[in-house]
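Read the structure below first, then the notes.
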Amino acid sequence: MIFAANFKTNHTRATTKAYIEALKEKLVAKKSEDKVYIFPPATALDSYTGDFTLGVQNAYTTQNGAYTGEIGLEQLEEFTIKTILIGHSERREILGESQELVAAKFAYFKKQDFEIIYCIGEPLEIREKGDKAVIEYLLAQFEGIDTSYENLIIAYEPIWAIGTGRSATADEIASTHEALKRTIQKPLLYGGSVKPDNIKEITTIRGVDGVLVGSASLDVESFSQIVLA
Ligand code: PEP
């Protein structure tokens with residue numbers, strides 16, 4: 001199983017350091033085949049070592065240059081970061097990233113051999129239209145994306161389940177993962193209100209290869225419970 005923690009705009013450099021130190025102790029008990037990823041805010045990136053992978057939540061398609069507010073490869077190379085989240089719904093919806101920009105980021109970081117966790121997810125009005133509408137919507141989010149890329153992990157995150165405390169049901173997750181896997185054979189994570197209370201149920205659903213966790217990853221105790229459940 002894959003367990004990924006997305007801190008979003010939470011934690012500082014100091015609290016990330018303390019979190020990672022505490023997490024490392026917990027990870028001694030993790031199954032060797034399980035993989036853990038941490039995506040702290042950009043200001044907390046550093047050269048951490050341990051039984052986990054440090055990734056970046058976002059970066060721009062450049063080595064360096066005049067892109068105010070962005071970070072590029074040069075800043076990631078300083079900490080040997082080779083893993084990135086692309087296509088998160090908060091970047092699509094709040095920061096206005098178009099499918100075209102998302103696909104350009106994918107192509108750029110693929111060329112740099114990054115491991116890419118590529119996020120897709122439907123809004124509530126699409127879910128309410130039924131399974132067929134959901135799959136059509138999700139597959140459209142692969143426009144311009146090389147789904148055969150070997151370092152690709154996909155995260156299915158229904159937007160209405162993110163940060164709401166309301167996870168998708170086991171049936172919704174199972175049918176969506178099954179339909180996605182018919183088209184794209186890559187590790188497939190579920191994300192959306194994953195917490196210690198529901199981790200066992202979610203990880204036993206067929207077609208779930210791991211989880212991407214936001215809110216419940218912010219506390220090291222809670223994230224460790226998820227990883228070690
Ligand atoms: C996320 O945004 O990637 C996420 C899954 O958030 P949460 O766990 O808070 O729903």
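Identifiers for the structure tokens are assigned positionally: chains receive A, B, ... in sequence, residues are indexed from 1 per chain, and ligands are indexed from 1 in the order shown.
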Item to complete: Could you pull out the residues sitting within 10 Å of ligand 1, using only C-alpha atoms and all ligand atoms, and write them as a ChimeraX atom specification?
Response: /A:4-8,85,88-90,119,155-167,189-195,211-218
Exercise. Report as a PyMOL selection string: the residues of segment 31-225 of chain A with a DSSP assignment of alpha helix (DSSP H), based on the backbone of this structure.
Key: chain A and resi 73-77+89-93+99-111+124-127+131-140+170-183+199-203+220-225
In terms of only C-alpha atoms, the residue from A:Leu138, A:Ile2, A:Ala44, A:Leu95 at minimal distance from Thr15 of chain A is A:Ala44
To test your reading of the structure, identify every residue in segment 20-225 of chain A that backbone DSSP assigns to strand (DSSP E), and report it as a PDB file with N, CA and C atoms, in the first residue's frame.
ATOM      1  N   LYS A  35       4.678   1.979   1.201  1.00  0.00           N
ATOM      2  CA  LYS A  35       5.477   3.163   0.858  1.00  0.00           C
ATOM      3  C   LYS A  35       4.805   4.418   1.399  1.00  0.00           C
ATOM      4  N   VAL A  36       5.599   5.294   1.979  1.00  0.00           N
ATOM      5  CA  VAL A  36       5.055   6.520   2.556  1.00  0.00           C
ATOM      6  C   VAL A  36       5.628   7.729   1.815  1.00  0.00           C
ATOM      7  N   TYR A  37       4.764   8.684   1.508  1.00  0.00           N
ATOM      8  CA  TYR A  37       5.182   9.938   0.860  1.00  0.00           C
ATOM      9  C   TYR A  37       4.719  11.099   1.734  1.00  0.00           C
ATOM     10  N   ILE A  38       5.567  12.127   1.823  1.00  0.00           N
ATOM     11  CA  ILE A  38       5.191  13.340   2.550  1.00  0.00           C
ATOM     12  C   ILE A  38       5.324  14.523   1.585  1.00  0.00           C
ATOM     13  N   PHE A  39       4.265  15.314   1.495  1.00  0.00           N
ATOM     14  CA  PHE A  39       4.279  16.522   0.657  1.00  0.00           C
ATOM     15  C   PHE A  39       4.079  17.734   1.569  1.00  0.00           C
ATOM     16  N   THR A  53       9.374   9.009   1.203  1.00  0.00           N
ATOM     17  CA  THR A  53       9.808   9.869   0.089  1.00  0.00           C
ATOM     18  C   THR A  53       9.229  11.258   0.297  1.00  0.00           C
ATOM     19  N   LEU A  54      10.084  12.255   0.152  1.00  0.00           N
ATOM     20  CA  LEU A  54       9.623  13.634   0.262  1.00  0.00           C
ATOM     21  C   LEU A  54       9.310  14.153  -1.137  1.00  0.00           C
ATOM     22  N   THR A  83       9.772  13.802  -6.801  1.00  0.00           N
ATOM     23  CA  THR A  83       8.376  13.360  -6.746  1.00  0.00           C
ATOM     24  C   THR A  83       7.482  14.597  -6.669  1.00  0.00           C
ATOM     25  N   ILE A  84       6.409  14.598  -7.451  1.00  0.00           N
ATOM     26  CA  ILE A  84       5.539  15.780  -7.505  1.00  0.00           C
ATOM     27  C   ILE A  84       4.067  15.370  -7.594  1.00  0.00           C
ATOM     28  N   LEU A  85       3.217  16.197  -6.969  1.00  0.00           N
ATOM     29  CA  LEU A  85       1.760  16.058  -7.140  1.00  0.00           C
ATOM     30  C   LEU A  85       1.367  16.955  -8.313  1.00  0.00           C
ATOM     31  N   ILE A  86       0.590  16.433  -9.231  1.00  0.00           N
ATOM     32  CA  ILE A  86       0.099  17.256 -10.339  1.00  0.00           C
ATOM     33  C   ILE A  86      -1.404  17.039 -10.477  1.00  0.00           C
ATOM     34  N   GLU A 115       8.753  11.075 -10.364  1.00  0.00           N
ATOM     35  CA  GLU A 115       7.611  10.233 -10.033  1.00  0.00           C
ATOM     36  C   GLU A 115       6.431  11.197  -9.884  1.00  0.00           C
ATOM     37  N   ILE A 116       5.348  10.896 -10.570  1.00  0.00           N
ATOM     38  CA  ILE A 116       4.220  11.834 -10.588  1.00  0.00           C
ATOM     39  C   ILE A 116       2.998  11.179  -9.948  1.00  0.00           C
ATOM     40  N   ILE A 117       2.456  11.853  -8.930  1.00  0.00           N
ATOM     41  CA  ILE A 117       1.138  11.440  -8.419  1.00  0.00           C
ATOM     42  C   ILE A 117       0.140  12.377  -9.083  1.00  0.00           C
ATOM     43  N   TYR A 118      -0.621  11.818  -9.999  1.00  0.00           N
ATOM     44  CA  TYR A 118      -1.525  12.624 -10.827  1.00  0.00           C
ATOM     45  C   TYR A 118      -2.955  12.505 -10.280  1.00  0.00           C
ATOM     46  N   CYS A 119      -3.527  13.657  -9.904  1.00  0.00           N
ATOM     47  CA  CYS A 119      -4.832  13.657  -9.233  1.00  0.00           C
ATOM     48  C   CYS A 119      -5.972  13.955 -10.197  1.00  0.00           C
ATOM     49  N   ILE A 120      -7.044  13.211 -10.007  1.00  0.00           N
ATOM     50  CA  ILE A 120      -8.277  13.435 -10.762  1.00  0.00           C
ATOM     51  C   ILE A 120      -9.435  13.369  -9.774  1.00  0.00           C
ATOM     52  N   LEU A 152       4.269   6.745 -12.933  1.00  0.00           N
ATOM     53  CA  LEU A 152       2.974   7.386 -12.689  1.00  0.00           C
ATOM     54  C   LEU A 152       2.163   6.630 -11.637  1.00  0.00           C
ATOM     55  N   ILE A 153       1.647   7.407 -10.692  1.00  0.00           N
ATOM     56  CA  ILE A 153       0.675   6.908  -9.708  1.00  0.00           C
ATOM     57  C   ILE A 153      -0.543   7.816  -9.868  1.00  0.00           C
ATOM     58  N   ILE A 154      -1.722   7.246  -9.843  1.00  0.00           N
ATOM     59  CA  ILE A 154      -2.927   8.070  -9.982  1.00  0.00           C
ATOM     60  C   ILE A 154      -3.631   8.158  -8.633  1.00  0.00           C
ATOM     61  N   ALA A 155      -4.188   9.338  -8.353  1.00  0.00           N
ATOM     62  CA  ALA A 155      -4.992   9.493  -7.129  1.00  0.00           C
ATOM     63  C   ALA A 155      -6.389   9.925  -7.528  1.00  0.00           C
ATOM     64  N   TYR A 156      -7.373   9.079  -7.219  1.00  0.00           N
ATOM     65  CA  TYR A 156      -8.777   9.439  -7.455  1.00  0.00           C
ATOM     66  C   TYR A 156      -9.304  10.114  -6.200  1.00  0.00           C
ATOM     67  N   LEU A 188      -3.342   2.997  -8.091  1.00  0.00           N
ATOM     68  CA  LEU A 188      -4.458   3.943  -7.972  1.00  0.00           C
ATOM     69  C   LEU A 188      -4.787   4.187  -6.499  1.00  0.00           C
ATOM     70  N   LEU A 189      -4.589   5.424  -6.078  1.00  0.00           N
ATOM     71  CA  LEU A 189      -4.873   5.800  -4.687  1.00  0.00           C
ATOM     72  C   LEU A 189      -6.280   6.370  -4.596  1.00  0.00           C
ATOM     73  N   TYR A 190      -6.861   6.269  -3.403  1.00  0.00           N
ATOM     74  CA  TYR A 190      -8.108   6.986  -3.134  1.00  0.00           C
ATOM     75  C   TYR A 190      -7.776   8.131  -2.183  1.00  0.00           C
ATOM     76  N   GLY A 191      -8.410   9.281  -2.394  1.00  0.00           N
ATOM     77  CA  GLY A 191      -8.253  10.409  -1.477  1.00  0.00           C
ATOM     78  C   GLY A 191      -9.588  11.088  -1.264  1.00  0.00           C
ATOM     79  N   GLY A 210      -3.699   2.372  -2.345  1.00  0.00           N
ATOM     80  CA  GLY A 210      -3.177   3.260  -1.320  1.00  0.00           C
ATOM     81  C   GLY A 210      -4.082   4.460  -1.159  1.00  0.00           C
ATOM     82  N   VAL A 211      -3.625   5.422  -0.349  1.00  0.00           N
ATOM     83  CA  VAL A 211      -4.457   6.593  -0.049  1.00  0.00           C
ATOM     84  C   VAL A 211      -3.627   7.878  -0.082  1.00  0.00           C
ATOM     85  N   LEU A 212      -4.297   8.963  -0.475  1.00  0.00           N
ATOM     86  CA  LEU A 212      -3.717  10.306  -0.387  1.00  0.00           C
ATOM     87  C   LEU A 212      -4.530  11.018   0.695  1.00  0.00           C
ATOM     88  N   VAL A 213      -3.818  11.500   1.710  1.00  0.00           N
ATOM     89  CA  VAL A 213      -4.501  12.005   2.910  1.00  0.00           C
ATOM     90  C   VAL A 213      -4.162  13.473   3.141  1.00  0.00           C
TER      91      VAL A 213
END
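Of the listed residues A:Ile226, A:Ile81, A:Ile126, A:Ala140, the one whose atoms come nearest to Glu201 of chain A is A:Ile226, with distances taken using only C-alpha atoms.
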- May I have the residues within 6 Å of segment 72-80 of chain A as number ranges by chain, using only C-alpha atoms and disregarding those fewer than 4 positions away in the same chain? A: 46-47, 59-60, 62-64
Practice problem: Would you mind reading off the distance between atom CA of Gly207 of chain A and atom CA of Ile135 of chain A, one decimal, in Å? | Solution: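 Value for the atom CA of Gly207 of chain A-atom CA of Ile135 of chain A distance: 15.2 Å.
Of note, atom CA of Asp209 of chain A and atom CA of Leu180 of chain A are spaced 12.7 Å apart.
Proximity ranking of A:Ile202, A:Thr12, A:Ala229, A:Asn58 relative to Thr43 of chain A places A:Thr12 first, based on only C-alpha atoms.
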